[in-house]
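Visitor: Mind looking over this structure? Questions follow.
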Amino acid sequence: MAPAPASGYPAEFVASLPKTETHLHIEGALPWRLLHRLDPRQFPHPPKSWDPDFRFRSFAHFEEELFAVALPWFTSPERYYEAASEVFQDLAAQGVRYVETSFASGVLEFLDVPGPETAEAIHRAAPPGMEVRVFMGIHHNGYTEKSRRFVEDCVNWDQLDGIDLHGDETIPLEDWSPRVYEQVRAAGKFVKAHAGELCGPDFVRRIIAELGVTRIEHGVRSVEDPELLRELQENGIVLDVCPTSNVKLGVAPSIAEHPLRRLHDAGVRCTVNTDDPISFGNTLTGEYIALATEGGFSRAELIQLARNGFEIAMVPEKQRAAWLTLFEEVR
Ligand SMILES: [Zn+2]
């Protein structure tokens, strides 16, 4: 990635953009400084995967590396609070006013961290002026003998805003998912799902049909089917896109050739996000700058991408309108 200029376009412009972050795994967002402080000998410096030229060998390789750095930290709701506080402050400094973040059901399952308290801790970490929505991400085979009790119970957690479908898309989708998604929707909570990252258009279609989602995390492989692009556009399905994540996982060859260009041009509403910064070494402003310098996105296009996040935010219309007026000052 080319170094961005310290001032002028695009750095100053990107810094002035009001932003959202709606595809963020809280475990994958753990600031490195916290892990380093916890155990400086085991975590002396950021992982090699922060190198701009680094590529993961596979999704399994990515998960393995992520768990190695995330699991030592996330052992209690208080640890979620500490991490989320710093994550949100870092995002606020980048002009972010609205965040959707998820925690992994696997941490609840394997480390016995309580779900309702975790959702509450993440909410409590939101600084003044920032709205945060909290999701529980459940992997395809995450409905086990041990986890089924809390997966069924999550509809009763006041501080949980919704659920997400996480993890390796190639693992078969199980019977629990349409039923649990229906229950969560009926409880007035929000649903979204990862799709179209590792699997293609058929899986994106299936997720929309079977889980009833209008928000897809990634979804970038939808570009392989022009008919699907039309359906996404017509039905107002939103894709929460993470360019650097896609490049480092081999989903896209480069930022210059990233599918976001074709998705945006086809009228599919997309947002720009970071996914798992502890694995990718990325920042939200860095994503926008890369789209400007390497992706060929104009100021007007970057403004539209940033606006998209506010237009889909789970907030009262009055709040949305107030945020959108901020764009009048962007030049
Ligand atoms: Zn993700």
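Here, A, B, ... name the chains of the structure tokens in the order displayed, residue numbers run from 1 inside each chain, and ligands are numbered from 1 in the same displayed order.
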Using only C-alpha atoms and all ligand atoms, what table do you get, as a tab-separated table, when you list each residue of chain A with an atom no more than 7 Å from ligand 1, its nearest pair of atoms, and their distance in Å rounded to one decimal, rows by chain then rising number?

Guide:
residue	atom	partner	partner_atom_place_in_ligand_line	distance
A:His23	CA	ligand 1	1 (Zn)	6.1
A:Leu24	CA	ligand 1	1 (Zn)	6.5
A:His25	CA	ligand 1	1 (Zn)	6.3
A:His166	CA	ligand 1	1 (Zn)	6.9
A:His194	CA	ligand 1	1 (Zn)	6.5
A:Glu217	CA	ligand 1	1 (Zn)	6.2
A:Asp275	CA	ligand 1	1 (Zn)	4.9

Visitor: Go ahead and save the picked residues with N, CA and C atoms, as a PDB file, in the first residue's frame.

Guide:
ATOM      1  N   HIS A  23     -19.104  -3.314  10.465  1.00  0.00           N
ATOM      2  CA  HIS A  23     -18.656  -4.709  10.344  1.00  0.00           C
ATOM      3  C   HIS A  23     -17.364  -4.824  11.139  1.00  0.00           C
ATOM      4  N   LEU A  24     -17.519  -5.060  12.435  1.00  0.00           N
ATOM      5  CA  LEU A  24     -16.371  -5.067  13.341  1.00  0.00           C
ATOM      6  C   LEU A  24     -16.550  -6.161  14.387  1.00  0.00           C
ATOM      7  N   HIS A  25     -15.628  -7.096  14.390  1.00  0.00           N
ATOM      8  CA  HIS A  25     -15.623  -8.145  15.421  1.00  0.00           C
ATOM      9  C   HIS A  25     -14.852  -7.587  16.607  1.00  0.00           C
ATOM     10  N   HIS A 166     -21.448 -16.067  11.734  1.00  0.00           N
ATOM     11  CA  HIS A 166     -19.994 -15.872  11.617  1.00  0.00           C
ATOM     12  C   HIS A 166     -19.286 -17.084  11.038  1.00  0.00           C
ATOM     13  N   HIS A 194     -22.834 -13.149   7.697  1.00  0.00           N
ATOM     14  CA  HIS A 194     -21.691 -13.178   6.786  1.00  0.00           C
ATOM     15  C   HIS A 194     -22.027 -14.104   5.614  1.00  0.00           C
ATOM     16  N   GLU A 217     -22.745  -9.275   5.623  1.00  0.00           N
ATOM     17  CA  GLU A 217     -21.364  -8.923   5.945  1.00  0.00           C
ATOM     18  C   GLU A 217     -20.476  -9.491   4.837  1.00  0.00           C
ATOM     19  N   ASP A 275     -13.425  -5.014   9.830  1.00  0.00           N
ATOM     20  CA  ASP A 275     -13.526  -6.443  10.138  1.00  0.00           C
ATOM     21  C   ASP A 275     -12.725  -6.838  11.390  1.00  0.00           C
TER      22      ASP A 275
END

Visitor: Which residues come within 6 Å of stretch 139-141 of chain A, counting only C-alpha atoms, excluding same-chain residues fewer than 2 positions away, as a list in words?

Guide: Tyr143, Leu165, His166, Gly167 and Leu173 of chain A

Visitor: For the residues selected in the previous step, produce a file with C-alpha atoms as a compact mmCIF listing (two decimals), in the first residue's frame.

Guide:
# COMPACT_ATOMS: atom_id res chain seq x y z
CA TYR A 143 -25.42 -24.53 18.05
CA LEU A 165 -23.77 -15.52 11.35
CA HIS A 166 -19.99 -15.87 11.62
CA GLY A 167 -17.09 -18.04 10.63
CA LEU A 173 -25.56 -24.39 7.41

Visitor: Can you tell me which residues surround stretch 151-155 of chain A at a distance of at most 7 Å, considering only C-alpha atoms, apart from same-chain residues fewer than 3 positions away, and format the answer as number ranges by chain?

Guide: A: 147-148, 184, 187

Visitor: Could you write out that same residue set with C-alpha atoms as a PDB file, in the first residue's frame?

Guide:
ATOM      1  CA  SER A 147     -24.280 -23.414  23.548  1.00  0.00           C
ATOM      2  CA  ARG A 148     -27.890 -24.143  22.579  1.00  0.00           C
ATOM      3  CA  VAL A 184     -34.689 -13.225  17.115  1.00  0.00           C
ATOM      4  CA  ALA A 187     -38.304 -10.562  19.526  1.00  0.00           C
TER       5      ALA A 187
END

Visitor: Step one, run DSSP on the backbone; step two, keep only residues of stretch 35-141 of chain A assigned to alpha helix (DSSP H); then write them as a VMD selection string.

Guide: chain A and resid 35 to 38 59 to 70 77 to 92 105 to 111 115 to 124

Visitor: Tell me, counting only C-alpha atoms, for each residue of stretch 40-141 of chain A within 10 Å of stretch 235-254 of chain A, which pair of atoms is nearest and how far apart they are in Å to one decimal, in rows ordered by chain and increasing number, as a Markdown table.

Guide:
| residue | atom | partner | partner_atom | distance |
| --- | --- | --- | --- | --- |
| A:Ser49 | CA | A:Lys248 | CA | 8.2 |
| A:Trp50 | CA | A:Lys248 | CA | 9.5 |
| A:Asp51 | CA | A:Lys248 | CA | 9.7 |
| A:Pro52 | CA | A:Lys248 | CA | 8.3 |
| A:Asp53 | CA | A:Lys248 | CA | 8.0 |
| A:Phe54 | CA | A:Lys248 | CA | 6.5 |
| A:Arg55 | CA | A:Lys248 | CA | 4.6 |
| A:Phe56 | CA | A:Leu249 | CA | 5.3 |
| A:Arg57 | CA | A:Leu249 | CA | 7.4 |
| A:Ser58 | CA | A:Leu249 | CA | 6.8 |
| A:Phe59 | CA | A:Leu249 | CA | 6.8 |
| A:His61 | CA | A:Leu249 | CA | 9.4 |
| A:Phe62 | CA | A:Leu249 | CA | 7.6 |

Visitor: Between atom CA of A:Gln89 and atom CA of A:Pro128, what distance in Å does the model show, to one decimal?

Guide: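 A separation of 10.0 Å between them.
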
Visitor: Give the answer as one residue: which of A:Val134, A:Val191, A:Val268, A:Val99 has the shortest atom-to-atom distance to A:Glu21, using only C-alpha atoms?

Guide: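 Among A:Val134, A:Val191, A:Val268, A:Val99, it is A:Val99 that comes nearest to A:Glu21.
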
Visitor: Could you check the closest approach to A:Leu232 for each of A:Leu302, A:Ala186, A:Ile208, A:Leu91 and tell me which residue wins, using only C-alpha atoms?

Guide: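 Closest candidate: A:Ile208.
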
Visitor: Could you pull out the residues in stretch 156-291 of chain A that DSSP calls strand (DSSP E or B) from the backbone, as an NGL selection string?

Guide: :A and (162-166 or 190-191 or 193-195 or 215-218 or 238-241 or 270-272 or 275)

Visitor: Produce a file of the selected residues containing C-alpha atoms, as a PDB file, in the first residue's frame.

Guide:
ATOM      1  CA  GLY A 162     -29.203  -8.701  17.282  1.00  0.00           C
ATOM      2  CA  ILE A 163     -27.327 -11.692  15.911  1.00  0.00           C
ATOM      3  CA  ASP A 164     -24.885 -12.318  13.077  1.00  0.00           C
ATOM      4  CA  LEU A 165     -23.771 -15.521  11.351  1.00  0.00           C
ATOM      5  CA  HIS A 166     -19.994 -15.872  11.617  1.00  0.00           C
ATOM      6  CA  PHE A 190     -31.922  -7.219  14.234  1.00  0.00           C
ATOM      7  CA  VAL A 191     -30.360  -9.954  12.117  1.00  0.00           C
ATOM      8  CA  ALA A 193     -25.109 -12.651   8.330  1.00  0.00           C
ATOM      9  CA  HIS A 194     -21.691 -13.178   6.786  1.00  0.00           C
ATOM     10  CA  ALA A 195     -21.981 -14.461   3.204  1.00  0.00           C
ATOM     11  CA  ARG A 215     -27.677  -6.859   5.729  1.00  0.00           C
ATOM     12  CA  ILE A 216     -24.857  -9.044   4.456  1.00  0.00           C
ATOM     13  CA  GLU A 217     -21.364  -8.923   5.945  1.00  0.00           C
ATOM     14  CA  HIS A 218     -18.949  -8.891   2.961  1.00  0.00           C
ATOM     15  CA  VAL A 238     -26.811  -3.672   2.124  1.00  0.00           C
ATOM     16  CA  LEU A 239     -23.270  -5.079   2.046  1.00  0.00           C
ATOM     17  CA  ASP A 240     -20.866  -4.253   4.894  1.00  0.00           C
ATOM     18  CA  VAL A 241     -17.621  -4.430   2.924  1.00  0.00           C
ATOM     19  CA  CYS A 270     -22.230  -0.704   0.538  1.00  0.00           C
ATOM     20  CA  THR A 271     -20.479   0.473   3.677  1.00  0.00           C
ATOM     21  CA  VAL A 272     -16.714   0.569   4.384  1.00  0.00           C
ATOM     22  CA  ASP A 275     -13.526  -6.443  10.138  1.00  0.00           C
TER      23      ASP A 275
END

Visitor: Find the spatial neighbours of A:Ala126, counting only C-alpha atoms, within a cut-off of 7 Å - ignore same-chain residues fewer than 6 positions away - and output them as a VMD selection string.

Guide: chain A and resid 85 88 132

Visitor: Residues as selected, C-alpha atoms, written as an mmCIF file, in the first residue's frame, can you do that?

Guide:
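Wrote part_31.cif, looks like this:
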data_model
loop_
_atom_site.group_PDB
_atom_site.id
_atom_site.type_symbol
_atom_site.label_atom_id
_atom_site.label_comp_id
_atom_site.auth_asym_id
_atom_site.auth_seq_id
_atom_site.Cartn_x
_atom_site.Cartn_y
_atom_site.Cartn_z
ATOM 1 C CA SER A 85 -13.629 1.398 25.511
ATOM 2 C CA PHE A 88 -14.498 3.091 20.490
ATOM 3 C CA VAL A 132 -23.186 1.396 19.523
#

Visitor: I'd like the neighbourhood of stretch 29-32 of chain A as an NGL selection string, where a residue qualifies if any of its atoms comes within 6 Å (using only C-alpha atoms), though same-chain residues fewer than 2 positions away should be ignored.

Guide: :A and (26-27 or 34-35 or 83 or 276-278)

Visitor: Could you save those same residues with C-alpha atoms as an mmCIF file, in the first residue's frame?

Guide:
data_model
loop_
_atom_site.group_PDB
_atom_site.id
_atom_site.type_symbol
_atom_site.label_atom_id
_atom_site.label_comp_id
_atom_site.auth_asym_id
_atom_site.auth_seq_id
_atom_site.Cartn_x
_atom_site.Cartn_y
_atom_site.Cartn_z
ATOM 1 C CA ILE A 26 -14.820 -6.842 18.884
ATOM 2 C CA GLU A 27 -12.330 -9.647 19.563
ATOM 3 C CA LEU A 34 -3.620 -3.922 25.451
ATOM 4 C CA LEU A 35 -2.348 -7.363 24.506
ATOM 5 C CA ALA A 83 -11.096 -3.437 25.035
ATOM 6 C CA ASP A 276 -10.577 -7.548 12.358
ATOM 7 C CA PRO A 277 -7.892 -4.842 12.695
ATOM 8 C CA ILE A 278 -5.740 -6.928 15.065
#

Visitor: Could you tell me which of A:Arg299, A:Lys146, A:Arg97, A:Lys189 comes closest to A:Glu131 if we count only C-alpha atoms?

Guide: A:Arg97
